[in-house]
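File shown: coords.csv. Contents: CSV, C-alpha atoms.
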```csv
chain,number,residue,atom,x,y,z
A,1,MET,CA,-22.5,6.2,33.4
A,2,THR,CA,-24.4,3.0,33.2
A,3,ALA,CA,-23.0,2.3,29.8
A,4,HIS,CA,-19.5,2.8,31.1
A,5,ALA,CA,-20.2,0.4,33.9
A,6,ALA,CA,-21.5,-2.2,31.5
A,7,VAL,CA,-18.3,-1.8,29.4
A,8,GLY,CA,-16.0,-1.9,32.3
A,9,ALA,CA,-17.8,-4.8,34.0
A,10,PRO,CA,-15.3,-7.7,34.4
A,11,ALA,CA,-16.3,-10.6,32.2
A,12,ALA,CA,-16.1,-14.0,33.9
A,13,ARG,CA,-14.5,-15.4,30.8
A,14,VAL,CA,-13.4,-13.6,27.7
A,15,PRO,CA,-15.4,-15.0,24.8
A,16,ALA,CA,-13.4,-16.2,21.8
A,17,GLN,CA,-16.0,-14.7,19.5
A,18,GLY,CA,-15.6,-11.0,20.2
A,19,SER,CA,-18.0,-8.2,19.6
A,20,VAL,CA,-16.7,-7.8,16.0
A,21,GLY,CA,-18.1,-11.3,15.4
A,22,VAL,CA,-14.7,-12.6,14.5
A,23,HIS,CA,-12.6,-15.1,16.6
A,24,THR,CA,-10.2,-12.9,18.7
A,25,GLN,CA,-7.1,-14.8,17.5
A,26,LYS,CA,-8.0,-14.0,13.9
A,27,LEU,CA,-8.9,-10.4,14.7
A,28,GLY,CA,-5.6,-10.0,16.5
A,29,MET,CA,-3.6,-11.3,13.5
A,30,TRP,CA,-5.6,-8.9,11.2
A,31,VAL,CA,-4.8,-5.9,13.4
A,32,PHE,CA,-1.1,-6.9,13.3
A,33,LEU,CA,-1.2,-7.3,9.5
A,34,VAL,CA,-2.8,-3.9,9.2
A,35,SER,CA,0.2,-2.4,11.0
A,36,GLU,CA,2.4,-4.4,8.6
A,37,VAL,CA,0.6,-2.8,5.6
A,38,MET,CA,1.9,0.6,7.0
A,39,PHE,CA,5.4,-0.8,7.5
A,40,PHE,CA,5.7,-2.1,3.9
A,41,THR,CA,3.9,1.1,2.5
A,42,ALA,CA,6.8,3.1,4.0
A,43,LEU,CA,9.4,1.0,2.3
A,44,ILE,CA,7.6,0.7,-1.1
A,45,GLY,CA,6.5,4.4,-1.0
A,46,SER,CA,10.1,5.5,-0.4
A,47,TYR,CA,11.3,3.3,-3.2
A,48,ILE,CA,8.9,4.7,-5.7
A,49,ILE,CA,9.7,8.3,-4.7
A,50,LEU,CA,13.5,7.7,-4.8
A,51,ARG,CA,13.3,6.0,-8.1
A,52,TRP,CA,10.9,8.5,-9.6
A,53,GLY,CA,13.3,11.3,-8.7
A,54,THR,CA,16.3,9.7,-10.2
A,55,GLU,CA,14.8,7.7,-13.1
A,56,ALA,CA,17.6,8.6,-15.5
A,57,SER,CA,20.4,7.2,-13.5
A,58,TRP,CA,18.5,4.2,-12.1
A,59,PRO,CA,19.7,0.9,-13.7
A,60,GLU,CA,17.1,-1.2,-15.4
A,61,PRO,CA,16.4,-4.0,-12.8
A,62,ARG,CA,16.4,-6.8,-15.3
A,63,THR,CA,20.0,-6.0,-16.3
A,64,VAL,CA,21.1,-6.5,-12.7
A,65,LEU,CA,18.7,-9.1,-11.3
A,66,ALA,CA,17.8,-12.6,-12.6
A,67,ILE,CA,14.1,-12.3,-13.4
A,68,PRO,CA,13.4,-15.9,-14.4
A,69,VAL,CA,14.9,-17.3,-11.2
A,70,THR,CA,12.9,-14.9,-9.1
A,71,ALA,CA,9.8,-15.6,-11.1
A,72,LEU,CA,10.2,-19.2,-10.3
A,73,ASN,CA,10.7,-18.3,-6.6
A,74,THR,CA,7.5,-16.2,-6.7
A,75,PHE,CA,5.7,-19.2,-8.1
A,76,ILE,CA,7.1,-21.4,-5.2
A,77,LEU,CA,5.8,-18.9,-2.7
A,78,ILE,CA,2.4,-18.9,-4.4
A,79,CYS,CA,2.4,-22.7,-4.3
A,80,SER,CA,3.2,-22.7,-0.5
A,81,SER,CA,0.2,-20.4,-0.1
A,82,VAL,CA,-2.0,-23.0,-1.8
A,83,SER,CA,-0.6,-25.8,0.4
A,84,MET,CA,-1.4,-23.5,3.4
A,85,VAL,CA,-5.1,-23.1,2.4
A,86,LYS,CA,-5.2,-26.8,1.8
A,87,ALA,CA,-3.9,-27.4,5.3
A,88,PHE,CA,-6.5,-25.0,6.7
A,89,ALA,CA,-9.2,-26.8,4.7
A,90,ALA,CA,-8.0,-30.1,6.1
A,91,ALA,CA,-8.1,-28.7,9.6
A,92,THR,CA,-11.7,-27.5,9.2
A,93,ARG,CA,-12.9,-31.0,8.3
A,94,ASP,CA,-10.7,-32.6,11.0
A,95,ASP,CA,-8.5,-34.4,8.4
A,96,GLN,CA,-5.4,-34.8,10.6
A,97,ALA,CA,-3.3,-36.6,8.0
A,98,GLY,CA,-4.1,-34.0,5.3
A,99,LEU,CA,-3.3,-31.2,7.8
A,100,LYS,CA,0.1,-32.6,8.6
A,101,ARG,CA,1.0,-33.3,5.0
A,102,TRP,CA,0.0,-29.8,3.7
A,103,LEU,CA,1.7,-28.1,6.6
A,104,LEU,CA,5.0,-30.0,5.9
A,105,LEU,CA,4.7,-29.0,2.2
A,106,THR,CA,4.2,-25.3,3.3
A,107,VAL,CA,7.3,-25.4,5.5
A,108,LEU,CA,9.2,-26.9,2.5
A,109,GLY,CA,8.0,-24.2,0.1
A,110,GLY,CA,8.9,-21.4,2.5
A,111,ALA,CA,12.3,-22.8,3.3
A,112,THR,CA,12.9,-23.2,-0.5
A,113,PHE,CA,12.0,-19.6,-1.1
A,114,VAL,CA,14.4,-18.4,1.6
A,115,SER,CA,17.2,-20.7,0.3
A,116,ILE,CA,16.8,-19.4,-3.3
A,117,GLN,CA,16.8,-15.8,-2.0
A,118,ALA,CA,20.1,-16.5,0.0
A,119,PHE,CA,21.5,-18.0,-3.2
A,120,GLU,CA,20.4,-14.9,-5.2
A,121,TYR,CA,22.1,-12.6,-2.6
A,122,HIS,CA,25.3,-14.6,-2.8
A,123,HIS,CA,25.3,-14.5,-6.6
A,124,LEU,CA,24.6,-10.7,-6.6
A,125,ILE,CA,27.3,-9.9,-4.0
A,126,GLU,CA,29.8,-12.0,-6.1
A,127,LYS,CA,28.8,-9.9,-9.1
A,128,GLY,CA,29.6,-6.8,-7.1
A,129,PHE,CA,26.0,-5.6,-6.5
A,130,LEU,CA,26.0,-4.6,-2.8
A,131,PRO,CA,23.8,-2.7,-0.4
A,132,SER,CA,26.2,0.1,-0.9
A,133,SER,CA,25.8,0.0,-4.7
A,134,GLY,CA,23.8,3.2,-5.0
A,135,LEU,CA,20.2,3.9,-4.3
A,136,PHE,CA,19.1,0.7,-6.1
A,137,GLY,CA,21.4,-1.5,-4.1
A,138,ALA,CA,20.3,0.1,-0.8
A,139,THR,CA,16.6,-0.1,-1.5
A,140,PHE,CA,16.8,-3.5,-3.1
A,141,TYR,CA,18.5,-5.1,-0.1
A,142,THR,CA,16.3,-3.2,2.4
A,143,MET,CA,13.0,-4.3,0.8
A,144,THR,CA,13.8,-7.9,-0.1
A,145,GLY,CA,15.8,-8.3,3.2
A,146,PHE,CA,12.8,-7.2,5.3
A,147,HIS,CA,10.5,-9.5,3.3
A,148,GLY,CA,13.0,-12.4,3.6
A,149,PHE,CA,13.0,-11.8,7.3
A,150,HIS,CA,9.2,-12.0,7.4
A,151,VAL,CA,9.3,-15.3,5.4
A,152,SER,CA,12.0,-16.7,7.8
A,153,CYS,CA,9.8,-15.8,10.8
A,154,GLY,CA,6.9,-17.4,9.0
A,155,VAL,CA,8.9,-20.6,8.4
A,156,ILE,CA,9.9,-20.8,12.1
A,157,SER,CA,6.3,-20.3,13.2
A,158,MET,CA,5.1,-22.8,10.6
A,159,ILE,CA,7.5,-25.4,12.0
A,160,TRP,CA,6.1,-24.7,15.4
A,161,VAL,CA,2.5,-25.1,14.1
A,162,THR,CA,3.5,-28.3,12.3
A,163,ILE,CA,5.0,-29.8,15.5
A,164,ARG,CA,1.7,-28.9,17.3
A,165,ALA,CA,-0.3,-30.6,14.5
A,166,PHE,CA,1.8,-33.7,15.0
A,167,ARG,CA,1.0,-33.6,18.7
A,168,GLY,CA,-2.7,-33.4,17.9
A,169,LYS,CA,-3.4,-29.9,19.1
A,170,TYR,CA,-5.8,-29.1,16.2
A,171,VAL,CA,-8.2,-32.0,16.6
A,172,GLY,CA,-11.9,-31.7,16.8
A,173,GLY,CA,-12.4,-28.5,14.8
A,174,ASN,CA,-9.9,-26.5,16.8
A,175,TYR,CA,-8.4,-25.0,13.7
A,176,HIS,CA,-7.9,-21.3,14.8
A,177,GLY,CA,-4.1,-21.6,15.2
A,178,VAL,CA,-3.8,-23.0,11.7
A,179,GLU,CA,-6.0,-20.1,10.4
A,180,THR,CA,-4.0,-17.5,12.2
A,181,ILE,CA,-0.6,-18.6,10.9
A,182,GLY,CA,-2.2,-19.0,7.4
A,183,LEU,CA,-3.3,-15.3,7.4
A,184,TYR,CA,0.3,-14.2,8.2
A,185,TRP,CA,1.6,-16.6,5.5
A,186,HIS,CA,-0.7,-15.3,2.8
A,187,PHE,CA,0.0,-11.7,3.7
A,188,VAL,CA,3.8,-12.3,3.2
A,189,ASP,CA,2.9,-13.9,-0.1
A,190,LEU,CA,0.8,-10.9,-1.0
A,191,VAL,CA,3.6,-8.5,-0.1
A,192,TRP,CA,6.0,-10.5,-2.3
A,193,ILE,CA,3.6,-10.2,-5.3
A,194,ILE,CA,3.8,-6.4,-5.0
A,195,LEU,CA,7.5,-6.3,-4.3
A,196,PHE,CA,8.3,-8.7,-7.2
A,197,THR,CA,6.4,-6.4,-9.6
A,198,ILE,CA,7.8,-3.1,-8.2
A,199,VAL,CA,11.5,-4.1,-7.6
A,200,TYR,CA,12.1,-6.7,-10.3
A,201,LEU,CA,9.8,-6.0,-13.2
A,202,ILE,CA,9.1,-2.3,-13.4
B,1,MET,CA,-17.8,-33.3,5.3
B,2,GLU,CA,-18.9,-32.7,1.8
B,3,SER,CA,-20.8,-29.5,2.7
B,4,VAL,CA,-17.7,-27.9,4.3
B,5,GLU,CA,-15.6,-28.7,1.2
B,6,HIS,CA,-18.4,-27.2,-0.9
B,7,LYS,CA,-18.4,-23.9,0.9
B,8,GLN,CA,-14.7,-23.4,0.4
B,9,PRO,CA,-13.5,-21.6,-2.8
B,10,ASN,CA,-11.8,-23.6,-5.5
B,11,TYR,CA,-8.2,-23.1,-4.4
B,12,ILE,CA,-6.7,-24.8,-7.4
B,13,ALA,CA,-8.5,-22.4,-9.8
B,14,VAL,CA,-7.1,-19.4,-7.8
B,15,TRP,CA,-3.7,-21.0,-7.9
B,16,ALA,CA,-4.0,-21.5,-11.7
B,17,GLY,CA,-5.1,-17.8,-12.0
B,18,LEU,CA,-2.1,-16.6,-10.0
B,19,PHE,CA,0.2,-18.8,-12.1
B,20,VAL,CA,-1.2,-17.4,-15.4
B,21,LEU,CA,-1.0,-13.8,-14.1
B,22,THR,CA,2.7,-14.3,-13.1
B,23,VAL,CA,3.5,-15.7,-16.5
B,24,VAL,CA,1.7,-12.7,-18.2
B,25,GLU,CA,3.6,-10.3,-15.9
B,26,VAL,CA,7.0,-11.7,-16.9
B,27,GLY,CA,5.9,-11.7,-20.5
B,28,VAL,CA,4.9,-8.0,-20.3
B,29,VAL,CA,8.5,-7.2,-19.2
B,30,TYR,CA,10.0,-8.9,-22.2
B,31,LEU,CA,7.5,-7.5,-24.7
B,32,ARG,CA,9.2,-4.1,-24.8
B,33,LEU,CA,6.0,-2.1,-24.6
B,34,PRO,CA,6.1,1.7,-24.1
B,35,ARG,CA,7.3,2.3,-20.6
B,36,ARG,CA,4.1,4.0,-19.3
B,37,LEU,CA,1.9,1.2,-20.7
B,38,MET,CA,4.2,-1.4,-19.2
B,39,ILE,CA,4.0,0.1,-15.7
B,40,VAL,CA,0.2,0.5,-15.8
B,41,SER,CA,-0.2,-3.1,-16.9
B,42,LEU,CA,2.2,-4.5,-14.4
B,43,VAL,CA,0.6,-2.6,-11.5
B,44,PHE,CA,-2.8,-3.7,-12.6
B,45,LEU,CA,-1.7,-7.4,-12.8
B,46,ALA,CA,0.0,-7.2,-9.4
B,47,LEU,CA,-3.1,-5.7,-7.8
B,48,TRP,CA,-5.2,-8.3,-9.4
B,49,LYS,CA,-3.0,-11.1,-7.9
B,50,ALA,CA,-3.0,-9.4,-4.5
B,51,MET,CA,-6.8,-9.2,-4.6
B,52,LEU,CA,-7.0,-12.9,-5.4
B,53,VAL,CA,-4.8,-13.8,-2.4
B,54,ALA,CA,-6.7,-11.5,0.0
B,55,LEU,CA,-10.2,-12.4,-1.1
B,56,TYR,CA,-9.8,-16.2,-1.4
B,57,PHE,CA,-6.7,-17.4,0.5
B,58,MET,CA,-7.3,-14.9,3.3
B,59,HIS,CA,-11.0,-15.5,3.0
B,60,LEU,CA,-11.9,-11.8,3.1
B,61,ARG,CA,-14.7,-12.5,0.7
B,62,PHE,CA,-16.4,-14.6,3.3
B,63,GLU,CA,-15.7,-12.5,6.4
B,64,PRO,CA,-18.2,-10.2,8.1
B,65,LYS,CA,-18.3,-6.6,6.8
B,66,ARG,CA,-16.9,-5.3,10.1
B,67,LEU,CA,-13.6,-7.2,9.7
B,68,LEU,CA,-13.4,-5.8,6.1
B,69,TYR,CA,-13.6,-2.2,7.6
B,70,VAL,CA,-10.7,-3.1,9.9
B,71,VAL,CA,-8.6,-4.4,7.0
B,72,LEU,CA,-9.4,-1.4,4.7
B,73,ALA,CA,-8.6,1.2,7.5
B,74,PRO,CA,-4.9,1.5,6.7
B,75,LEU,CA,-5.3,2.0,3.0
B,76,PRO,CA,-6.3,5.8,3.2
B,77,LEU,CA,-3.6,6.1,5.9
B,78,ALA,CA,-1.1,4.6,3.5
B,79,VAL,CA,-2.1,7.1,0.8
B,80,ILE,CA,-1.7,10.0,3.3
B,81,LEU,CA,1.8,8.6,4.3
B,82,VAL,CA,3.1,8.5,0.7
B,83,ALA,CA,1.5,11.8,-0.2
B,84,ALA,CA,3.1,13.5,2.8
B,85,VAL,CA,6.5,12.2,1.9
B,86,ILE,CA,6.1,13.3,-1.7
B,87,HIS,CA,5.0,16.7,-0.4
B,88,ALA,CA,7.9,17.0,1.9
B,89,TRP,CA,10.4,16.0,-0.8
B,90,PRO,CA,9.3,17.4,-4.1
B,91,VAL,CA,10.7,15.3,-6.9
B,92,VAL,CA,11.3,16.3,-10.5
B,93,PRO,CA,10.1,13.5,-12.7
B,94,ALA,CA,12.3,12.7,-15.6
B,95,PRO,CA,11.0,14.3,-18.9
```

Written as structure tokens, that's how I'd like the structure from this file.
Amino acid sequence: MTAHAAVGAPAARVPAQGSVGVHTQKLGMWVFLVSEVMFFTALIGSYIILRWGTEASWPEPRTVLAIPVTALNTFILICSSVSMVKAFAAATRDDQAGLKRWLLLTVLGGATFVSIQAFEYHHLIEKGFLPSSGLFGATFYTMTGFHGFHVSCGVISMIWVTIRAFRGKYVGGNYHGVETIGLYWHFVDLVWIILFTIVYLI
Amino acid sequence: MESVEHKQPNYIAVWAGLFVLTVVEVGVVYLRLPRRLMIVSLVFLALWKAMLVALYFMHLRFEPKRLLYVVLAPLPLAVILVAAVIHAWPVVPAP
């Protein structure tokens, strides 16, 4: 009873450092990412099961998809993850010029990734590889489409964070916003690393 | 200023590692290895890259253990999810 009362007691001010010992903003993003793990597991799991069951009739991905272009795109996304950690590192030492520069580079990297993916879709559709082109077409566009949607959301959020950085919202060690968007950004990069291997290479 | 920089991992080394692993992955595809060996090596390389991103870019290596438990929680659930789908839809692997 007393324990319950203690838990239920209204706090005058919610501490940013919660009982887990992690900033609440960061913990919130991690819990969201954990749900995203389940989302992508459903997609990747279905792909593996569908492909395993119909291996004989499944086209070899490299005969349909342009692996070198996508490998380059993978590399661009990895680079944008590096510029993101550089932005975070700049924010932790209150280097405002560095923060703005690295955030701009991250936005550029993400936008380039989405553009190359749009170009790839255009090229594949012209070649006649459509979402209706069998199981491979359906699963390919579902998985890469959902991932591209995530990157697009990331780019839009990153533009918002960059605008805030230019307005001086992350001065004086207030870097939690940069860290939070960074976690999302790296997660999307991580998912791409798995997707690139499963969908393009195997 | 210096000490903060010192505590952070060497991001450029991680970047170089990811670059090399990506090149190796693409190389593996064009090596025409036996299919099973190719799949095992590609999955291994992809997981290695994913670990690098999670541990260093997402700073999981430097986070308290309690956060690590939160992050690891969905992994058994993911295995259960996929196992349940396989169980519900028995597939016949190609010989």

(request) Give me, please, the distance in Å between atom CA of A:Ala71 and atom CA of B:Phe19, quoted to one decimal. (result)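 Computing it gives 10.2 Å between the two atoms.
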
(request) Hey, list the chain A side of the contact with chain B: 9 Å cut-off, only C-alpha atoms, answer as a ChimeraX atom specification. (result) /A:20-22,27,30-31,33-35,37-38,41-42,45-46,49-50,52-56,62,67-68,71,74-75,78-79,81-82,84-86,89,92-93,179,182-183,186-187,189-191,193-194,196-198,201-202

(request) Please provide as a count of residues only all residues within 8 Å of A:Pro131, with the sequence filter that same-chain residues fewer than 4 positions apart are discarded (counting all atoms listed in the file). (result) 5

(request) One decimal, Å: what's the distance from atom CA of A:Thr106 over to atom CA of A:Val151, could you say? (result)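 If I compute the distance from atom CA of A:Thr106 to atom CA of A:Val151, I get 11.4 Å.
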
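What separates atom CA of A:Leu135 from atom CA of A:Ser57 is a distance of 9.8 Å.
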
(request) Counting all atoms listed in the file, figure out which residue out of A:Thr112, A:Thr144, A:Ser83, A:Gln96 gets nearest to A:Ile44. (result)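 Residue with the minimum atom-to-atom distance to A:Ile44: A:Thr144.
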
(request) For stretch 120-124 of chain A, please output as a VMD selection string all residues within 10 Å (counting all atoms listed in the file; exclusion window: fewer than 5 positions along the same chain). (result) chain A and resid 64 to 66 69 to 70 114 to 115 129 to 130 141 144 to 145
